[in-house]
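Reviewing the structure listed below.
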Amino acid sequence: MKLKRNIFVFAVTIAWLAVGSQVFGQSRASIDFNTAWFFRLDSVSDYRDSRVDYQDWRQLDLPHDWSIELPFDSLSAGSSGTGYLSGGVGWYKKSFTLSEEESSKRVYIEFGAIYENSEVWINNTYLGHRPNGYVPIVYDLTDHINKKGDPNIITVKVNNSKQPNSRFYAGSGIYRDVKLFFTSDVAIAYNGTFIITPVINERQAQIKTQLEIVNHSAHRQNGITVETQVYDPQGKIVSQGQIGKLRIDGEGNQFVEQNLTITHPLLWSPDTPHLYRAVTIIWEGKQELDRYTTVFGIRSFHFDAAQGFFLNGQPLKIRGVCLHSDLGALGMAFNRSAARRQLQMMKDMGVNGIRTSHNPVASEFLDLCDEMGFIVMNETFDVWKHPKNTFDYHLYWDEWYKRDFADHIKRDRNHPSLFIWCLGNEAQEQWHDPELGAAIPARLAAIVDSLDGTRPTTIANNEMSKDNPVLMSPAVDIVGYNYNHQKWASFPEDHPTGKFIVTEGTSALASRGQYDAVPVDSVRMWPLHWDIPFDGGNVDKSISAYDHVHTPWGSSHEESLRLLETYPHVSGMYVWTGFDYLGEPTPYTWPARSSYFGIVDLAGFPKDVYYLYQSAWSETPVLHILPHWNWQDGDTIDVVVYYNQADEVELFVNDVSKGRKAKEKDKLHVSWAVPYEAGSLTAVAYQDGLEVRRTTRQTTGEAVSLVIKSKRDTLNTALEELAFLEVVAVDADGNELPDFNEWINVEIQGGGTVVATDNGNPTDLTSFQSLTRKAYNGKLLIVVKGYIANGEVTVSAHSDGLKSGTRKLVVE
Ligand code: GAL
């Protein structure tokens with residue numbers, strides 16, 4: 001059953017009323033332009049004409065990814081790489097009117113990104129084309145809009161029909177936020193501020209604001225004053241300064257630098273993500289022409305060849321994960337609450353770093369990294385001039401790379417969470433082009449230097465030969481290794497003055513809650529070699545979750561985690577990957593359609609190794625047993641326990657001790673092989689001989705009812721606000737069944753809608769919009785959005801023969 005699409009006409013009206021009042025009397029205003037778009041998927045007709053009647057198109061709100069709504073198709077041109085979801089050509093239209101006040105200003109439209117090859121028209125004027133699907137796109141509408149209440153039509157054509165164009169799922173459409181913004185003729189340029197903190201000590205921080213001011217009027221502006229006020233995290237003004245008598249030529253621009261000082265700065269770090277705000281005001285006499293806010297942070301850092309990364313003078317190992325930009329069942333459609341959920345889970349696991357692999361992410365994602373505290377390695381390209389796929393970015397490289405990269409840097413350079421620019425991932429130039437392999441890193445590093453002299457560069461390499469010009473590029477500040485964990489130890493000899501980071505590590509594989517009956521220590525490489533097609537594995541295309549299956553280029557989680565912590569010269573590692581993602585179901589193909597690499601599955605349910613990392617990286621007390629305790633009598637089961645903050649662990653089967661164990665040498669777990677007996681499996685952790693915690697896995701009985709769990713009881717109606725509910729099946733004693741895999745039917749009543757469902761099974765071909773889906777190893781996810789304020793939604797889950805589960809959420 002497909003979801004009903006709700007068309008929120010009343011919400012649109014409210015949004016429009018708000019527009020006028022948001023702009024009124026302000027020198028600069030930015031308004032959400034996400035609601036009430038019309039969409040049509042059609043690669044045949046041409047709809048660029050603004051007179052086209054589109055009233056029978058589908059009405060929707062952005063961000064939107066149409067690929068996630070299409071059926072999985074074994075014949076899709078993107079194939080397993082993009083998760084068997086297809087592309088196509090999509091058209092979007094939206095009409096709007098501007099008040100007199102709004103049309104008296106300069107008007108711009110900003111798309112967070114459009115995947116890919118977008119073309120935009122306002123009324124019948126062509127605004128431009130942008131092949132890149134990840135960078136922000138801005139168009140100046142000022143000279144093309146119909147003023148004073150006459151309607152305007154924006155038309156966007158998105159051409160994602162040429163496939164394959166990506167190695168991983170990239171979605172299709174206007175999948176990030178769209179904004180209209182209004183300025184005066186004299187204003188801060190688009191992404192035209194850069195705030196740096198060249199001197200930081202306990203007593204004070206020097207703040208340098210570099211501003212680009214544009215004058216769009218035909219005449220020279222004299223007597224412009226620029227004022228910047230700095231607000232501390234509590235909102236108190238802590239510094240301010242002015243520069244007066246500036247002159248800006250007509251149709252010209254001017255760069256202005258201000259130096260400010262603040263005393264006793266609160267330093268930004270992953271544990272203390274303090275954010276300051278600089279408010280820059282442009283005055284002409286007493287008239288305010290612009291008011292522009294830049295969020296920034298104050299922190300110092302450096303990389304040391306021998307000792308790794310230092311933040312604010314203290315050594316800090318970067319314990320990071322790579323994340324792709326899709327949000328599982330939501331596809332690429334950016335959603336702040338879904339991104340926050342991912343990042344919070346990573347934070348709780350002890351992660352302090354994120355690699356935005358392999359493309360610019362939504363700027364709102366970096367806002368979250370600023371607020372929540374992550375060391376971000378920001379990556380721009382998966383492909384340079386040489387292709388990885390027939391229709392990928394190499395087609396546009398020559399014409400676009402400078403502009404795309406510069407736009408990416410200018411958008412992100414104020415984020416305090418951003419520490420490293422990663423210029424590319426596993427570029428083909430490593431092997432195939434010695435000349436460009438040397439030239440491209442140098443050119444890209446020069447762009448970073450010209451726009452952001454405060455951050456080092458790296459490149460993610462997977463070829464370790466000294467003949468690799470990309471690896472050996474002297475233009476790049478930090479040497480980045482993907483995988484090759486056998487070579488981490490000898491890095492100081494191999495690159496005597498090099499600073500070192502593991503840009504990507506691990507690539508181990510697992511399906512959540514799935515355990516093969518082979519000894520935990522029998523590590524398997526799937527596939528055997530990267531270019532040998534894989535025909536082994538499990539019939540159901542599952543992968544055992546004991547951390548004993550990995551790719552030939554990767555390692556087990558435990559292995560690379562241990563090496564990371566062993567060598568001080570390894571400044572950090574970004575594990576591939578924090579979450580499963582759509583596409584790349586290595587080592588399998590159809591019907592597997594999403595990855596097995598995640599520490600957390602696609603639905604957001606942790607796999608067992610989550611607790612391995614949490615035990616090593618966080619202060620949270622951990623005592624986690626795997627597997628579940630539903631087996632056949634006579635089986636011998638390997639039991640693994642991850643723990644921390646204890647000296648040893650004792651295992652009991654039905655209260656009979658199987659012995660105490662402590663982690664041996666460099667092992668990060670303890671294990672026992674025990675004959676299965678139905679009942680209870682208990683781990684007890686001891687410190688200094690005293691019990692400090694215990695945990696039990698119970699053999700479960702028949703399922704009797706479904707239960708819906710939710711971390712929240714309320715929801716508001718903001719477009720970006722979602723609730724993530726978890727359905728489990730329980731037996732008569734309330735134990736959750738770990739192997740419940742039956743069909744569940746979801747219903748919702750009240751002022752809300754189910755946006756998506758998922759279960760974390762990489763081979764499930766049910767549409768993510770379906771209200772009927774099988775549970776996978778005991779779990780099902782329901783993603784809910786509220787749309788009527790001051791009400792309630794009731795979500796219920798039904799499965800044959802079981803008592804249904806229900807959950808109420810208050811919609812605020
Ligand atoms: C890396 C690559 C990633 C992903 C990963 C899978 O080589 O950079 O994008 O493909 O392998 O193991």
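In the structure tokens, the first chain shown is A, the next is B, and so on; residue numbers restart at 1 for each chain, and ligands run from 1 in the order shown.
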
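Each residue with an atom within 8 Å of any atom of ligand 1 appears in the list, which was built counting only C-alpha atoms and all ligand atoms: Arg167, Phe168, Ser357, His358, Asp382, Asn425, Glu426, Ala460, Asn462, Asn482, Tyr483, Glu504, Thr506, Ser507, Ala508, Thr551, Trp553, Gly554, Trp576, Glu584, Thr586 and Phe597 of chain A.
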
Selection to disk with N, CA and C atoms, as an mmCIF file, in the first residue's frame:
```cif
data_model
loop_
_atom_site.group_PDB
_atom_site.id
_atom_site.type_symbol
_atom_site.label_atom_id
_atom_site.label_comp_id
_atom_site.auth_asym_id
_atom_site.auth_seq_id
_atom_site.Cartn_x
_atom_site.Cartn_y
_atom_site.Cartn_z
ATOM 1 N N ARG A 167 29.076 6.380 -8.227
ATOM 2 C CA ARG A 167 29.376 5.044 -7.695
ATOM 3 C C ARG A 167 28.450 4.659 -6.554
ATOM 4 N N PHE A 168 27.655 5.629 -6.088
ATOM 5 C CA PHE A 168 26.797 5.391 -4.931
ATOM 6 C C PHE A 168 25.497 6.141 -5.166
ATOM 7 N N SER A 357 31.863 12.155 2.929
ATOM 8 C CA SER A 357 32.269 11.458 1.706
ATOM 9 C C SER A 357 31.113 11.425 0.706
ATOM 10 N N HIS A 358 31.363 11.626 -0.551
ATOM 11 C CA HIS A 358 32.570 12.160 -1.171
ATOM 12 C C HIS A 358 32.214 13.457 -1.873
ATOM 13 N N ASP A 382 34.746 12.999 -5.854
ATOM 14 C CA ASP A 382 35.056 11.565 -5.974
ATOM 15 C C ASP A 382 35.756 11.297 -7.302
ATOM 16 N N ASN A 425 38.774 11.758 -3.665
ATOM 17 C CA ASN A 425 38.785 10.389 -3.161
ATOM 18 C C ASN A 425 39.197 9.410 -4.252
ATOM 19 N N GLU A 426 40.261 8.694 -3.986
ATOM 20 C CA GLU A 426 40.695 7.591 -4.853
ATOM 21 C C GLU A 426 40.631 7.980 -6.331
ATOM 22 N N ALA A 460 42.385 11.467 -0.294
ATOM 23 C CA ALA A 460 42.177 10.065 0.090
ATOM 24 C C ALA A 460 42.770 9.167 -1.000
ATOM 25 N N ASN A 462 44.348 5.414 -2.322
ATOM 26 C CA ASN A 462 44.378 3.976 -2.051
ATOM 27 C C ASN A 462 45.508 3.271 -2.792
ATOM 28 N N ASN A 482 43.633 5.639 2.327
ATOM 29 C CA ASN A 482 42.435 4.816 2.452
ATOM 30 C C ASN A 482 42.911 3.380 2.659
ATOM 31 N N TYR A 483 42.467 2.762 3.737
ATOM 32 C CA TYR A 483 42.803 1.349 4.028
ATOM 33 C C TYR A 483 44.310 1.174 4.208
ATOM 34 N N GLU A 504 40.171 6.945 5.217
ATOM 35 C CA GLU A 504 39.085 5.953 5.159
ATOM 36 C C GLU A 504 39.651 4.609 5.610
ATOM 37 N N THR A 506 38.733 0.408 7.341
ATOM 38 C CA THR A 506 37.874 -0.685 7.780
ATOM 39 C C THR A 506 37.099 -1.396 6.660
ATOM 40 N N SER A 507 35.994 -0.840 6.196
ATOM 41 C CA SER A 507 35.154 -1.545 5.212
ATOM 42 C C SER A 507 34.897 -2.996 5.605
ATOM 43 N N ALA A 508 34.429 -3.160 6.828
ATOM 44 C CA ALA A 508 33.946 -4.465 7.269
ATOM 45 C C ALA A 508 32.458 -4.557 6.942
ATOM 46 N N THR A 551 36.101 -6.608 3.497
ATOM 47 C CA THR A 551 36.556 -6.580 2.105
ATOM 48 C C THR A 551 38.067 -6.840 2.073
ATOM 49 N N TRP A 553 40.336 -5.099 0.730
ATOM 50 C CA TRP A 553 41.111 -3.874 0.953
ATOM 51 C C TRP A 553 40.961 -3.378 2.391
ATOM 52 N N GLY A 554 39.986 -3.930 3.115
ATOM 53 C CA GLY A 554 39.694 -3.414 4.450
ATOM 54 C C GLY A 554 40.206 -4.312 5.569
ATOM 55 N N TRP A 576 34.838 3.554 7.382
ATOM 56 C CA TRP A 576 33.837 3.368 6.327
ATOM 57 C C TRP A 576 32.864 2.319 6.813
ATOM 58 N N GLU A 584 25.875 0.400 -3.518
ATOM 59 C CA GLU A 584 27.116 -0.302 -3.159
ATOM 60 C C GLU A 584 26.902 -1.448 -2.167
ATOM 61 N N THR A 586 28.196 -4.146 -1.692
ATOM 62 C CA THR A 586 29.372 -5.023 -1.679
ATOM 63 C C THR A 586 29.235 -6.054 -0.558
ATOM 64 N N PHE A 597 28.293 -1.863 5.052
ATOM 65 C CA PHE A 597 29.475 -1.329 5.730
ATOM 66 C C PHE A 597 29.154 -0.650 7.056
#
```

Who sits within 6 Å of A:Leu267, only C-alpha atoms, same chain under 2 positions skipped, as a list in words: Pro265, Ile298 and Arg299 of chain A

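Around A:Ser465, within 12 Å and counting only C-alpha atoms, the residues found are Gln430, Trp431, Leu471, Met472, Tyr481, Asn484, Lys487, Asp494 and His495 of chain A, once anything fewer than 6 positions away on its own chain is removed.
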
Stretch 108-172 of chain A near stretch 387-393 of chain A within 12 Å: what's each residue's closest atom pair and its distance in Å to one decimal, counting only C-alpha atoms, ordered by chain then ascending residue number, as JSON lines?
```
{"residue": "A:Tyr115", "atom": "CA", "partner": "A:Tyr393", "partner_atom": "CA", "distance": 11.8}
{"residue": "A:Glu116", "atom": "CA", "partner": "A:Tyr393", "partner_atom": "CA", "distance": 10.2}
{"residue": "A:Asn117", "atom": "CA", "partner": "A:Tyr393", "partner_atom": "CA", "distance": 10.4}
{"residue": "A:Arg130", "atom": "CA", "partner": "A:Tyr393", "partner_atom": "CA", "distance": 11.6}
{"residue": "A:Pro131", "atom": "CA", "partner": "A:Tyr393", "partner_atom": "CA", "distance": 8.2}
{"residue": "A:Asn132", "atom": "CA", "partner": "A:Tyr393", "partner_atom": "CA", "distance": 7.4}
{"residue": "A:Gly133", "atom": "CA", "partner": "A:Tyr393", "partner_atom": "CA", "distance": 9.4}
{"residue": "A:Tyr134", "atom": "CA", "partner": "A:Tyr393", "partner_atom": "CA", "distance": 11.1}
{"residue": "A:Asn159", "atom": "CA", "partner": "A:Phe391", "partner_atom": "CA", "distance": 12.0}
{"residue": "A:Asn160", "atom": "CA", "partner": "A:Phe391", "partner_atom": "CA", "distance": 10.0}
{"residue": "A:Ser161", "atom": "CA", "partner": "A:Phe391", "partner_atom": "CA", "distance": 9.7}
{"residue": "A:Lys162", "atom": "CA", "partner": "A:Phe391", "partner_atom": "CA", "distance": 6.1}
{"residue": "A:Gln163", "atom": "CA", "partner": "A:Phe391", "partner_atom": "CA", "distance": 6.1}
{"residue": "A:Pro164", "atom": "CA", "partner": "A:Phe391", "partner_atom": "CA", "distance": 5.9}
{"residue": "A:Asn165", "atom": "CA", "partner": "A:Asp392", "partner_atom": "CA", "distance": 4.0}
{"residue": "A:Ser166", "atom": "CA", "partner": "A:Asp392", "partner_atom": "CA", "distance": 5.9}
{"residue": "A:Arg167", "atom": "CA", "partner": "A:Asn389", "partner_atom": "CA", "distance": 7.3}
{"residue": "A:Phe168", "atom": "CA", "partner": "A:Asn389", "partner_atom": "CA", "distance": 10.8}
{"residue": "A:Ala170", "atom": "CA", "partner": "A:Asp392", "partner_atom": "CA", "distance": 11.3}
```

May I have the residues from that selection written out with all heavy atoms, as a short mmCIF file (atom, residue, chain, number, x, y, z; two decimals), in the first residue's frame?
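result.cif, written as the output of this step:
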```cif
data_model
loop_
_atom_site.label_atom_id
_atom_site.label_comp_id
_atom_site.auth_asym_id
_atom_site.auth_seq_id
_atom_site.Cartn_x
_atom_site.Cartn_y
_atom_site.Cartn_z
N TYR A 115 20.40 17.65 -7.84
CA TYR A 115 21.09 16.53 -8.50
C TYR A 115 20.33 16.15 -9.75
O TYR A 115 19.23 15.68 -9.65
CB TYR A 115 21.21 15.30 -7.60
CG TYR A 115 22.31 14.38 -8.10
CD1 TYR A 115 23.61 14.55 -7.65
CD2 TYR A 115 22.05 13.41 -9.05
CE1 TYR A 115 24.64 13.75 -8.13
CE2 TYR A 115 23.08 12.62 -9.54
CZ TYR A 115 24.36 12.78 -9.07
OH TYR A 115 25.39 12.01 -9.55
N GLU A 116 20.90 16.27 -10.91
CA GLU A 116 22.07 17.00 -11.27
C GLU A 116 21.77 17.67 -12.59
O GLU A 116 20.68 17.49 -13.13
CB GLU A 116 23.28 16.06 -11.37
CG GLU A 116 23.10 14.98 -12.41
CD GLU A 116 24.41 14.37 -12.91
OE1 GLU A 116 25.49 14.57 -12.35
OE2 GLU A 116 24.34 13.66 -13.91
N ASN A 117 22.70 18.37 -13.16
CA ASN A 117 22.47 19.00 -14.45
C ASN A 117 21.20 19.84 -14.46
O ASN A 117 20.30 19.60 -15.26
CB ASN A 117 22.35 17.92 -15.53
CG ASN A 117 23.66 17.72 -16.21
OD1 ASN A 117 24.29 18.70 -16.61
ND2 ASN A 117 24.09 16.48 -16.31
N ARG A 130 23.72 24.13 -14.26
CA ARG A 130 24.76 23.71 -13.32
C ARG A 130 24.81 22.19 -13.32
O ARG A 130 23.89 21.53 -12.83
CB ARG A 130 24.41 24.22 -11.91
CG ARG A 130 25.58 24.16 -10.95
CD ARG A 130 26.53 25.32 -11.23
NE ARG A 130 27.70 25.22 -10.41
CZ ARG A 130 28.15 26.19 -9.60
NH1 ARG A 130 27.51 27.33 -9.54
NH2 ARG A 130 29.24 26.02 -8.90
N PRO A 131 25.88 21.62 -13.84
CA PRO A 131 25.97 20.16 -13.85
C PRO A 131 26.13 19.56 -12.46
O PRO A 131 25.52 18.54 -12.14
CB PRO A 131 27.21 19.88 -14.70
CG PRO A 131 27.53 21.14 -15.41
CD PRO A 131 26.97 22.26 -14.59
N ASN A 132 26.98 20.17 -11.63
CA ASN A 132 27.31 19.59 -10.33
C ASN A 132 26.06 19.44 -9.46
O ASN A 132 25.28 20.38 -9.31
CB ASN A 132 28.34 20.48 -9.63
CG ASN A 132 28.91 19.82 -8.39
OD1 ASN A 132 28.16 19.37 -7.52
ND2 ASN A 132 30.21 19.74 -8.30
N GLY A 133 25.89 18.27 -8.89
CA GLY A 133 24.69 17.99 -8.10
C GLY A 133 24.83 18.26 -6.61
O GLY A 133 23.93 17.93 -5.84
N TYR A 134 25.95 18.82 -6.17
CA TYR A 134 26.17 18.96 -4.72
C TYR A 134 26.46 20.38 -4.25
O TYR A 134 26.45 20.63 -3.06
CB TYR A 134 27.33 18.08 -4.29
CG TYR A 134 27.11 16.60 -4.53
CD1 TYR A 134 27.74 15.93 -5.57
CD2 TYR A 134 26.25 15.88 -3.70
CE1 TYR A 134 27.54 14.58 -5.78
CE2 TYR A 134 26.05 14.53 -3.90
CZ TYR A 134 26.69 13.88 -4.95
OH TYR A 134 26.48 12.55 -5.16
N ASN A 159 18.14 17.09 -14.94
CA ASN A 159 18.40 16.00 -15.87
C ASN A 159 19.37 14.99 -15.26
O ASN A 159 20.59 15.17 -15.30
CB ASN A 159 18.96 16.56 -17.19
CG ASN A 159 19.03 15.47 -18.24
OD1 ASN A 159 18.97 14.28 -17.94
ND2 ASN A 159 19.16 15.88 -19.49
N ASN A 160 18.80 13.95 -14.69
CA ASN A 160 19.63 12.89 -14.11
C ASN A 160 19.40 11.61 -14.92
O ASN A 160 19.28 10.52 -14.37
CB ASN A 160 19.27 12.69 -12.63
CG ASN A 160 20.25 11.75 -11.95
OD1 ASN A 160 21.35 11.49 -12.45
ND2 ASN A 160 19.85 11.22 -10.80
N SER A 161 19.29 11.80 -16.23
CA SER A 161 18.95 10.64 -17.07
C SER A 161 20.19 9.89 -17.54
O SER A 161 20.11 8.73 -17.91
CB SER A 161 18.14 11.10 -18.28
OG SER A 161 18.90 11.99 -19.05
N LYS A 162 21.33 10.57 -17.56
CA LYS A 162 22.52 9.88 -18.05
C LYS A 162 23.15 9.08 -16.92
O LYS A 162 23.73 9.63 -16.00
CB LYS A 162 23.50 10.91 -18.59
CG LYS A 162 23.01 11.54 -19.87
CD LYS A 162 24.13 12.24 -20.59
CE LYS A 162 23.64 12.76 -21.91
NZ LYS A 162 24.29 14.01 -22.28
N GLN A 163 23.00 7.78 -17.02
CA GLN A 163 23.45 6.89 -15.94
C GLN A 163 24.34 5.80 -16.55
O GLN A 163 24.10 5.41 -17.69
CB GLN A 163 22.24 6.24 -15.28
CG GLN A 163 21.24 7.22 -14.74
CD GLN A 163 21.35 7.43 -13.25
OE1 GLN A 163 22.06 6.69 -12.57
NE2 GLN A 163 20.65 8.41 -12.73
N PRO A 164 25.31 5.29 -15.83
CA PRO A 164 25.66 5.63 -14.46
C PRO A 164 26.50 6.91 -14.39
O PRO A 164 27.37 7.13 -15.22
CB PRO A 164 26.50 4.44 -14.01
CG PRO A 164 27.09 3.89 -15.27
CD PRO A 164 26.11 4.18 -16.36
N ASN A 165 26.19 7.72 -13.37
CA ASN A 165 26.99 8.92 -13.16
C ASN A 165 27.53 9.02 -11.75
O ASN A 165 28.08 10.04 -11.35
CB ASN A 165 26.20 10.17 -13.55
CG ASN A 165 24.93 10.33 -12.74
OD1 ASN A 165 24.91 10.12 -11.53
ND2 ASN A 165 23.84 10.72 -13.40
N SER A 166 27.34 7.94 -10.95
CA SER A 166 27.83 7.97 -9.58
C SER A 166 28.13 6.54 -9.14
O SER A 166 27.48 5.60 -9.62
CB SER A 166 26.77 8.58 -8.66
OG SER A 166 27.17 8.51 -7.32
N ARG A 167 29.08 6.38 -8.23
CA ARG A 167 29.38 5.04 -7.69
C ARG A 167 28.45 4.66 -6.55
O ARG A 167 28.49 3.56 -6.05
CB ARG A 167 30.81 4.98 -7.16
CG ARG A 167 31.90 5.09 -8.18
CD ARG A 167 33.25 4.80 -7.56
NE ARG A 167 33.52 5.65 -6.42
CZ ARG A 167 33.59 5.24 -5.16
NH1 ARG A 167 33.41 3.98 -4.87
NH2 ARG A 167 33.84 6.09 -4.18
N PHE A 168 27.65 5.63 -6.09
CA PHE A 168 26.80 5.39 -4.93
C PHE A 168 25.50 6.14 -5.17
O PHE A 168 25.41 6.96 -6.09
CB PHE A 168 27.48 5.86 -3.64
CG PHE A 168 28.21 7.17 -3.80
CD1 PHE A 168 27.56 8.38 -3.61
CD2 PHE A 168 29.55 7.20 -4.20
CE1 PHE A 168 28.23 9.58 -3.80
CE2 PHE A 168 30.22 8.42 -4.39
CZ PHE A 168 29.56 9.60 -4.19
N ALA A 170 22.81 8.75 -5.39
CA ALA A 170 22.91 10.21 -5.33
C ALA A 170 21.55 10.89 -5.38
O ALA A 170 21.46 12.11 -5.22
CB ALA A 170 23.79 10.71 -6.47
#
```

Nearest-residue call for A:Pro273, choices A:Leu722, A:Leu781, A:Val138, A:Val295, using only C-alpha atoms: A:Val295

Strand (DSSP E or B) positions in stretch 328-552 of chain A, given as a count of residues only: 40

Given only C-alpha atoms, how would the per-residue table for stretch 166-242 of chain A near stretch 438-458 of chain A read, listing every residue at most 9 Å away with its closest atom pair and distance in Å to one decimal, sorted by chain and number, as a tab-separated table?
```
residue	atom	partner	partner_atom	distance
A:Phe194	CA	A:Asp452	CA	8.4
A:Ile196	CA	A:Thr454	CA	7.6
A:Pro198	CA	A:Thr454	CA	8.7
```

Dump of all heavy atoms for the selected residues, as a PDB file, in the first residue's frame:
```pdb
ATOM      1  N   PHE A 194      34.391  35.993   5.729  1.00  0.00           N
ATOM      2  CA  PHE A 194      35.333  34.972   6.178  1.00  0.00           C
ATOM      3  C   PHE A 194      35.912  35.469   7.495  1.00  0.00           C
ATOM      4  O   PHE A 194      36.512  36.546   7.553  1.00  0.00           O
ATOM      5  CB  PHE A 194      36.430  34.780   5.127  1.00  0.00           C
ATOM      6  CG  PHE A 194      37.377  33.655   5.442  1.00  0.00           C
ATOM      7  CD1 PHE A 194      36.957  32.531   6.161  1.00  0.00           C
ATOM      8  CD2 PHE A 194      38.698  33.700   5.013  1.00  0.00           C
ATOM      9  CE1 PHE A 194      37.835  31.487   6.429  1.00  0.00           C
ATOM     10  CE2 PHE A 194      39.579  32.661   5.277  1.00  0.00           C
ATOM     11  CZ  PHE A 194      39.153  31.558   5.988  1.00  0.00           C
ATOM     12  N   ILE A 196      38.368  34.738  10.616  1.00  0.00           N
ATOM     13  CA  ILE A 196      39.456  33.886  11.093  1.00  0.00           C
ATOM     14  C   ILE A 196      39.946  34.399  12.442  1.00  0.00           C
ATOM     15  O   ILE A 196      39.685  35.548  12.811  1.00  0.00           O
ATOM     16  CB  ILE A 196      40.608  33.805  10.066  1.00  0.00           C
ATOM     17  CG1 ILE A 196      41.206  35.165   9.785  1.00  0.00           C
ATOM     18  CG2 ILE A 196      40.122  33.187   8.773  1.00  0.00           C
ATOM     19  CD1 ILE A 196      42.408  35.095   8.852  1.00  0.00           C
ATOM     20  N   PRO A 198      43.389  34.565  14.025  1.00  0.00           N
ATOM     21  CA  PRO A 198      44.826  34.298  13.896  1.00  0.00           C
ATOM     22  C   PRO A 198      45.557  34.151  15.228  1.00  0.00           C
ATOM     23  O   PRO A 198      46.564  33.457  15.284  1.00  0.00           O
ATOM     24  CB  PRO A 198      45.358  35.494  13.115  1.00  0.00           C
ATOM     25  CG  PRO A 198      44.270  36.495  13.072  1.00  0.00           C
ATOM     26  CD  PRO A 198      42.991  35.849  13.444  1.00  0.00           C
TER      27      PRO A 198
END
```

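Take the candidates A:Thr763, A:Thr193, A:Thr272, A:Ser184 and check each one against A:Trp590 using only C-alpha atoms; the shortest distance goes to A:Thr763.
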